[in-house]
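Visitor: What follows is entry_34.cif; its format and atoms are mmCIF, C-alpha atoms.
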data_final
loop_
_atom_site.label_atom_id
_atom_site.label_comp_id
_atom_site.auth_asym_id
_atom_site.auth_seq_id
_atom_site.Cartn_x
_atom_site.Cartn_y
_atom_site.Cartn_z
CA MET A 123 -22.85 12.84 -44.29
CA ASN A 124 -19.60 14.63 -44.98
CA LEU A 125 -16.76 12.12 -44.90
CA ASN A 126 -14.80 14.47 -42.66
CA ASP A 127 -17.53 14.34 -40.01
CA THR A 128 -17.23 11.78 -37.24
CA PRO A 129 -20.54 10.54 -35.82
CA ASP A 130 -20.80 10.05 -32.09
CA GLU A 131 -20.96 6.29 -32.35
CA ILE A 132 -17.49 5.99 -33.93
CA ARG A 133 -15.64 8.79 -32.14
CA PRO A 134 -12.58 7.50 -30.32
CA ALA A 135 -13.14 6.90 -26.62
CA ALA A 136 -11.48 9.07 -24.01
CA THR A 137 -8.08 7.75 -23.09
CA ASP A 138 -7.34 6.50 -19.59
CA ALA A 139 -3.97 7.58 -18.25
CA GLY A 140 -4.27 5.32 -15.20
CA LEU A 141 -4.68 5.82 -11.48
CA THR A 142 -2.29 8.41 -10.06
CA ILE A 143 -1.70 8.45 -6.30
CA ALA A 144 0.91 10.68 -4.68
CA GLY A 145 2.61 11.28 -8.02
CA ARG A 146 2.85 7.63 -9.08
CA THR A 147 0.64 6.19 -11.82
CA TYR A 148 -0.74 2.66 -11.83
CA ALA A 149 -2.31 0.85 -14.77
CA SER A 150 -4.68 -1.12 -12.52
CA ARG A 151 -7.47 0.61 -10.62
CA LEU A 152 -8.09 -2.42 -8.40
CA LEU A 153 -6.43 -2.52 -4.97
CA VAL A 154 -6.45 -5.83 -3.13
CA GLY A 155 -6.13 -6.79 0.52
CA THR A 156 -4.00 -9.71 1.68
CA GLY A 157 -5.95 -11.01 4.69
CA LYS A 158 -8.39 -13.93 5.12
CA TYR A 159 -6.83 -16.25 2.53
CA ARG A 160 -6.11 -19.90 3.27
CA ASP A 161 -2.35 -19.35 3.04
CA PHE A 162 0.25 -17.14 1.37
CA ASP A 163 0.19 -19.27 -1.80
CA GLU A 164 -3.51 -18.55 -2.29
CA THR A 165 -2.85 -14.89 -1.49
CA ARG A 166 -0.25 -14.65 -4.25
CA ALA A 167 -2.39 -16.52 -6.78
CA ALA A 168 -5.37 -14.22 -6.17
CA VAL A 169 -3.21 -11.10 -6.24
CA ASP A 170 -1.72 -12.17 -9.57
CA ALA A 171 -5.15 -12.95 -11.04
CA SER A 172 -6.50 -9.56 -9.96
CA GLY A 173 -3.86 -7.67 -11.92
CA THR A 174 -3.42 -5.28 -9.01
CA GLU A 175 -0.26 -3.29 -8.41
CA ILE A 176 -1.17 -2.14 -4.88
CA VAL A 177 -1.69 -4.62 -2.06
CA THR A 178 -2.80 -3.66 1.43
CA VAL A 179 -1.28 -5.22 4.53
CA THR A 180 -2.77 -5.02 8.01
CA ILE A 181 0.32 -4.52 10.14
CA ARG A 182 -1.35 -5.71 13.34
CA ARG A 183 -2.35 -9.03 11.81
CA VAL A 184 0.21 -9.92 9.13
CA ASN A 185 3.96 -10.41 9.44
CA ILE A 186 6.09 -8.25 7.15
CA GLY A 187 9.27 -8.65 9.17
CA GLN A 188 8.26 -7.62 12.68
CA HIS A 189 8.29 -11.33 13.66
CA ALA A 190 11.65 -12.62 12.46
CA ASN A 191 10.96 -16.32 13.01
CA GLU A 192 7.64 -16.43 11.14
CA PRO A 193 6.86 -16.56 7.40
CA SER A 194 6.61 -13.08 5.91
CA LEU A 195 3.91 -11.93 3.53
CA LEU A 196 6.62 -10.06 1.61
CA ASP A 197 7.93 -13.41 0.36
CA ALA A 198 4.58 -13.90 -1.43
CA VAL A 199 4.05 -10.29 -2.55
CA PRO A 200 7.54 -8.80 -2.85
CA PRO A 201 7.89 -5.00 -2.65
CA ASP A 202 9.97 -4.92 -5.83
CA ARG A 203 6.89 -6.04 -7.75
CA PHE A 204 3.98 -4.60 -5.77
CA THR A 205 3.38 -1.35 -3.95
CA ILE A 206 2.83 -2.37 -0.34
CA LEU A 207 0.12 -0.32 1.34
CA PRO A 208 0.36 -0.77 5.12
CA ASN A 209 -2.92 -0.14 6.89
CA THR A 210 -4.07 0.35 10.45
CA GLY A 211 -6.92 -2.16 10.55
CA GLY A 212 -7.68 -3.01 14.17
CA CYS A 213 -6.84 0.46 15.49
CA PHE A 214 -9.53 2.31 17.44
CA ASN A 215 -7.76 5.58 18.22
CA ALA A 216 -5.42 8.03 16.56
CA LYS A 217 -2.44 7.27 18.80
CA ASP A 218 -2.39 3.56 17.95
CA ALA A 219 -2.89 4.25 14.25
CA VAL A 220 0.01 6.71 14.08
CA TYR A 221 2.31 4.36 16.00
CA THR A 222 1.39 1.41 13.76
CA LEU A 223 2.23 3.31 10.58
CA GLN A 224 5.48 4.61 12.01
CA LEU A 225 6.43 0.98 12.68
CA ALA A 226 5.41 0.02 9.14
CA ARG A 227 7.53 2.81 7.68
CA GLU A 228 10.59 1.44 9.49
CA LEU A 229 9.89 -2.12 8.34
CA LEU A 230 9.42 -0.97 4.73
CA GLY A 231 12.55 1.17 4.54
CA GLY A 232 10.96 4.60 4.83
CA HIS A 233 7.99 3.90 2.55
CA PRO A 234 5.58 6.87 3.07
CA LEU A 235 2.40 5.64 1.35
CA CYS A 236 -0.12 4.25 3.83
CA LYS A 237 -3.78 3.56 4.43
CA LEU A 238 -5.24 5.11 7.57
CA GLU A 239 -8.15 3.26 9.14
CA VAL A 240 -9.45 4.17 12.62
CA LEU A 241 -12.49 2.16 13.64
CA GLY A 242 -15.34 3.21 15.89
CA ASP A 243 -16.18 -0.21 17.32
CA ASP A 244 -15.56 -3.89 16.67
CA LYS A 245 -19.16 -4.63 15.64
CA THR A 246 -19.81 -2.26 12.73
CA LEU A 247 -16.15 -1.43 11.94
CA PHE A 248 -17.49 1.97 10.94
CA PRO A 249 -14.85 4.71 10.82
CA ASN A 250 -14.33 6.88 13.90
CA MET A 251 -14.11 10.18 12.07
CA PRO A 252 -12.90 12.46 14.93
CA GLU A 253 -9.98 10.09 15.60
CA THR A 254 -9.41 9.63 11.85
CA LEU A 255 -9.08 13.39 11.38
CA LYS A 256 -6.68 13.64 14.32
CA ALA A 257 -4.50 10.81 13.00
CA ALA A 258 -4.55 12.17 9.44
CA GLU A 259 -3.25 15.55 10.60
CA ALA A 260 -0.43 13.93 12.59
CA LEU A 261 0.59 11.60 9.77
CA VAL A 262 0.61 14.29 7.09
CA ARG A 263 2.77 16.48 9.34
CA ASP A 264 5.13 13.52 9.72
CA GLY A 265 5.60 13.15 5.97
CA PHE A 266 3.23 10.25 5.28
CA GLU A 267 1.22 10.01 2.05
CA VAL A 268 -2.13 9.16 3.56
CA MET A 269 -4.92 7.27 1.85
CA VAL A 270 -7.80 7.34 4.29
CA TYR A 271 -10.80 5.09 5.00
CA CYS A 272 -13.75 7.33 5.83
CA SER A 273 -17.51 7.63 6.02
CA ASP A 274 -19.42 8.46 2.83
CA ASP A 275 -19.89 12.03 4.04
CA PRO A 276 -18.81 14.63 1.45
CA ILE A 277 -17.97 17.17 4.17
CA GLN A 278 -15.64 14.76 5.97
CA ALA A 279 -14.05 13.81 2.65
CA ARG A 280 -13.39 17.48 1.87
CA ILE A 281 -11.81 18.06 5.30
CA LEU A 282 -9.50 15.06 4.82
CA GLU A 283 -8.48 16.37 1.42
CA ASP A 284 -7.78 19.82 2.89
CA ILE A 285 -5.61 18.19 5.57
CA GLY A 286 -3.45 16.80 2.77
CA CYS A 287 -4.57 13.19 2.31
CA VAL A 288 -3.61 11.84 -1.13
CA ALA A 289 -6.80 9.76 -1.56
CA VAL A 290 -10.15 9.47 0.19
CA MET A 291 -11.66 6.01 0.59
CA PRO A 292 -15.36 6.12 1.51
CA LEU A 293 -17.02 2.86 2.46
CA ALA A 294 -19.67 1.42 0.16
CA SER A 295 -21.13 -0.53 3.09
CA LEU A 296 -19.79 -2.17 6.23
CA ILE A 297 -16.39 -3.86 6.05
CA GLY A 298 -16.74 -7.50 5.07
CA SER A 299 -20.52 -7.26 4.62
CA GLY A 300 -20.63 -7.78 0.85
CA MET A 301 -23.72 -5.55 0.71
CA GLY A 302 -22.46 -3.44 -2.18
CA ILE A 303 -22.94 0.30 -2.65
CA LEU A 304 -25.77 1.38 -0.36
CA ASN A 305 -25.59 5.12 -0.99
CA PRO A 306 -24.50 5.97 -4.55
CA TRP A 307 -25.74 9.56 -4.14
CA ASN A 308 -23.24 10.36 -1.38
CA LEU A 309 -20.45 8.77 -3.39
CA SER A 310 -21.41 10.91 -6.37
CA LEU A 311 -21.22 14.06 -4.23
CA ILE A 312 -17.74 13.09 -3.01
CA ILE A 313 -16.57 12.33 -6.55
CA GLU A 314 -17.96 15.61 -7.87
CA GLN A 315 -15.98 17.75 -5.43
CA ALA A 316 -12.79 15.72 -5.00
CA ARG A 317 -9.41 16.82 -6.31
CA VAL A 318 -7.72 13.61 -5.16
CA PRO A 319 -8.57 10.03 -6.11
CA VAL A 320 -11.78 8.58 -4.66
CA ILE A 321 -11.44 4.86 -4.00
CA VAL A 322 -14.36 2.81 -2.73
CA ASP A 323 -13.26 0.82 0.29
CA ALA A 324 -15.33 -1.83 2.09
CA GLY A 325 -18.59 -3.57 1.28
CA VAL A 326 -17.99 -4.81 -2.26
CA GLY A 327 -19.39 -8.33 -2.57
CA THR A 328 -19.22 -9.28 -6.23
CA ALA A 329 -18.11 -8.04 -9.62
CA SER A 330 -21.22 -5.98 -10.34
CA ASP A 331 -20.58 -3.91 -7.18
CA ALA A 332 -17.10 -3.04 -8.44
CA ALA A 333 -18.45 -2.15 -11.88
CA ILE A 334 -21.10 0.15 -10.39
CA ALA A 335 -18.47 1.97 -8.34
CA MET A 336 -16.39 2.59 -11.44
CA GLU A 337 -19.42 3.62 -13.53
CA LEU A 338 -20.20 6.25 -10.89
CA GLY A 339 -16.78 7.76 -11.55
CA CYS A 340 -14.73 6.36 -8.68
CA ASP A 341 -11.02 6.26 -9.43
CA GLY A 342 -10.55 2.79 -8.02
CA VAL A 343 -11.88 0.05 -5.76
CA LEU A 344 -10.23 -1.67 -2.80
CA MET A 345 -11.42 -5.08 -1.65
CA ASN A 346 -10.35 -8.09 0.34
CA THR A 347 -13.20 -10.24 1.70
CA ALA A 348 -15.09 -10.31 -1.61
CA ILE A 349 -12.18 -12.18 -3.15
CA ALA A 350 -10.78 -14.11 -0.18
CA HIS A 351 -14.18 -15.48 0.92
CA ALA A 352 -15.43 -16.36 -2.56
CA ARG A 353 -15.87 -20.06 -3.26
CA GLU A 354 -13.02 -19.74 -5.79
CA PRO A 355 -10.89 -16.74 -4.76
CA VAL A 356 -8.61 -16.78 -7.81
CA ARG A 357 -11.54 -16.85 -10.24
CA MET A 358 -13.26 -14.05 -8.31
CA ALA A 359 -10.05 -12.01 -8.47
CA ARG A 360 -10.13 -12.29 -12.26
CA ALA A 361 -13.80 -11.31 -12.29
CA MET A 362 -13.05 -8.23 -10.20
CA ARG A 363 -10.25 -7.21 -12.52
CA LEU A 364 -12.58 -7.37 -15.52
CA ALA A 365 -15.40 -5.60 -13.65
CA VAL A 366 -13.18 -2.67 -12.71
CA GLN A 367 -11.91 -2.41 -16.28
CA GLY A 368 -15.42 -2.64 -17.74
CA GLY A 369 -16.87 -0.13 -15.29
CA ARG A 370 -14.12 2.35 -16.08
CA GLU A 371 -14.66 1.93 -19.82
CA ALA A 372 -18.40 2.50 -19.36
CA PHE A 373 -17.73 5.65 -17.33
CA LEU A 374 -15.40 7.02 -20.01
CA ALA A 375 -17.82 6.09 -22.80
CA GLY A 376 -20.70 7.94 -21.11
CA ARG A 377 -23.97 6.12 -20.56
CA MET A 378 -27.08 6.94 -22.57
CA PRO A 379 -29.59 9.28 -20.91
CA ARG A 380 -32.34 7.70 -18.84
CA ARG A 381 -35.75 8.26 -20.43
CA PHE A 382 -39.31 7.83 -19.23
CA ALA A 383 -40.49 6.62 -22.62
CA ALA A 384 -39.43 3.93 -25.07
CA SER A 385 -37.05 4.83 -27.86
CA PRO A 386 -36.93 2.38 -30.81
CA SER A 387 -33.55 1.13 -31.92
CA SER A 388 -34.55 1.75 -35.55
CA PRO A 389 -35.94 5.17 -36.53
CA MET A 390 -39.65 5.29 -37.29
CA ALA A 391 -39.36 8.20 -39.73
CA GLY A 392 -38.85 7.25 -43.37
CA ARG A 393 -39.82 3.61 -42.90
CA ILE A 394 -41.29 1.63 -45.75
CA ALA A 395 -45.10 1.39 -45.38
#
Will you turn the file into structure tokens for me?

Guide:
Amino acid sequence: MNLNDTPDEIRPAATDAGLTIAGRTYASRLLVGTGKYRDFDETRAAVDASGTEIVTVTIRRVNIGQHANEPSLLDAVPPDRFTILPNTGGCFNAKDAVYTLQLARELLGGHPLCKLEVLGDDKTLFPNMPETLKAAEALVRDGFEVMVYCSDDPIQARILEDIGCVAVMPLASLIGSGMGILNPWNLSLIIEQARVPVIVDAGVGTASDAAIAMELGCDGVLMNTAIAHAREPVRMARAMRLAVQGGREAFLAGRMPRRFAASPSSPMAGRIA
């Protein structure tokens, strides 16, 4: 071998510039929700262990200042350290979702980045896509930077991107189900066509689910219940951080081809008889 040649196995890996959303780049590709924890102390400990820089807040369920006499989540996850991502969990129509995010923008001093989530019913928590599209159009017109929870339908994802959403967030499986990625083929179709970040949202149950999402080529993973309802939330948060990092590294490295026959680790040609 010529010493100037570099074999595949020692070529430097592709570099990872980070997750860029609406012009801002984050080192972590893990986004973490702040609901369902025992208290704000556990929330902060899990958030710190996850290494996340973006935390989601359900405005209809968590106080960030709208209730002056109650403890505020922002004391545990201060906006000067974390990007606060207000979301519309619990909204079932476009009107309520738009109003909720307008309220959040006032409470957060004009902060435009948000997560849109319009649910179809309170049993499946599946996205109501007609109302989601309507709300997305209104919010983009109003100057919001919209990250949007959606079905794993590549056509719907493309429409949301064309509307002007800054990230599409297809579900892996039902919110809070922990069932993992049920349809990797649809996710792959969305990833293949997307020009904005694709972030898996909902259904992750354990670290291997997060790793699979990243190995598929997703730009990030958002989760809440998988950490908050683990037996040890802080330890699970660390596991998720490592899984997202490992999955991303595997994606950048490029997996070996799948074969229908065995391939020995040591070459058979030239062996000593």

Visitor: With distances taken over all atoms listed in the file, which residue among A:Thr165, A:Ser172, A:Ser150, A:Asn308 lies nearest Leu293 (chain A)?

Guide: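 Closest candidate: A:Asn308.
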
Visitor: In Å, with one decimal, what is the gap from CA of Val240 (chain A) to CA of Ser310 (chain A)?

Guide: 23.4 Å

Visitor: Pick the closest to Ile349 (chain A) from A:Val326, A:Val177, A:Leu141, A:Ala333: which is it, counting only C-alpha atoms?

Guide: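 Looking at the shortest contact to Ile349 (chain A), the residue is A:Val326.
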
Visitor: Find, counting only C-alpha atoms, the residue in A:Gly242, A:Ile186, A:Gly211, A:Gly265 that gets nearest to Leu225 (chain A).

Guide: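 Ranked by minimum distance to Leu225 (chain A), first place goes to A:Ile186.
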
Visitor: List the neighbours of Thr205 (chain A) out to 9 Å using only C-alpha atoms; skip same-chain residues closer than 5 positions along the sequence, and give me the result as number ranges by chain.

Guide: A: 175-178, 200, 235

Visitor: Could you tell me which of A:Met362, A:Ala375, A:Ala383, A:Ala139 comes closest to Leu152 (chain A) if we count all atoms listed in the file?

Guide: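 That would be A:Met362, the residue with the smallest distance to Leu152 (chain A).
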
Visitor: Around (-6.8, 10.7, 6.4) in the file's frame, which residues reach within 10 Å when counting only C-alpha atoms? Return as a VMD selection string?

Guide: chain A and resid 236 to 240 251 253 to 262 267 to 272 278 to 279 281 to 291

Visitor: Looking at A:Thr180, A:Asn209, A:Asn346, A:Asn305, which one is nearest to Leu195 (chain A), with distances taken over only C-alpha atoms?

Guide: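 Selected residue with least distance to Leu195 (chain A): A:Thr180.
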
Visitor: Nearest to Gly339 (chain A) among A:Ile277, A:Arg353, A:Arg151, A:Gly325, with distances taken over only C-alpha atoms: which residue is it?

Guide: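 When distances to Gly339 (chain A) are compared using only C-alpha atoms, the smallest one comes from A:Arg151.
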
Visitor: May I ask for the distance between CA of Cys340 (chain A) and CA of Pro292 (chain A), given in Å to one decimal place?

Guide: 10.2 Å

Visitor: What does the distance from CA of Glu354 (chain A) to CA of Val320 (chain A) come to in Å, to one decimal?

Guide: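 Computing the Euclidean distance for CA of Glu354 (chain A) and CA of Val320 (chain A) yields 28.4 Å.
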
Visitor: Pick out the residues sitting within 10 Å of Arg227 (chain A), and hand them over as a PyMOL selection string; count only C-alpha atoms, and ignore anything fewer than 5 positions along from it in its own chain.

Guide: chain A and resi 208+221-222+232-236+266

Visitor: Using the chain letters and numbering of this document, enumerate as a ChimeraX atom specification the residues selected by the PyMOL selection byres ((chain A and resi 351) around 10).

Guide: /A:158-160,298,327,346-350,352-355,358

Visitor: Selected by the PyMOL selection byres ((chain A and resi 296) around 8) in the shown coordinates: which residues, as a ChimeraX atom specification?

Guide: /A:246-248,293-295,297-301,324-325

Visitor: List as a list in words the protein and nucleic acid residues near Val179 (chain A), meaning an atom at most 8 Å away when all atoms listed in the file are counted, but skip any in the same chain fewer than 3 places from it.

Guide: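 Here the qualifying residues turn out to be Gly155, Thr156, Gly157, Val184, Ile206, Leu207, Pro208 and Asn209 of chain A.
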
Visitor: Go through the shown structure with the PyMOL selection byres ((chain A and resi 197) around 10) and write out the matching residues as a compact mmCIF listing (two decimals) with C-alpha atoms, in the frame of the given file.

Guide:
# COMPACT_ATOMS: atom_id res chain seq x y z
CA PHE A 162 0.25 -17.14 1.37
CA ASP A 163 0.19 -19.27 -1.80
CA ARG A 166 -0.25 -14.65 -4.25
CA ILE A 186 6.09 -8.25 7.15
CA PRO A 193 6.86 -16.56 7.40
CA SER A 194 6.61 -13.08 5.91
CA LEU A 195 3.91 -11.93 3.53
CA LEU A 196 6.62 -10.06 1.61
CA ALA A 198 4.58 -13.90 -1.43
CA VAL A 199 4.05 -10.29 -2.55
CA PRO A 200 7.54 -8.80 -2.85
CA PRO A 201 7.89 -5.00 -2.65
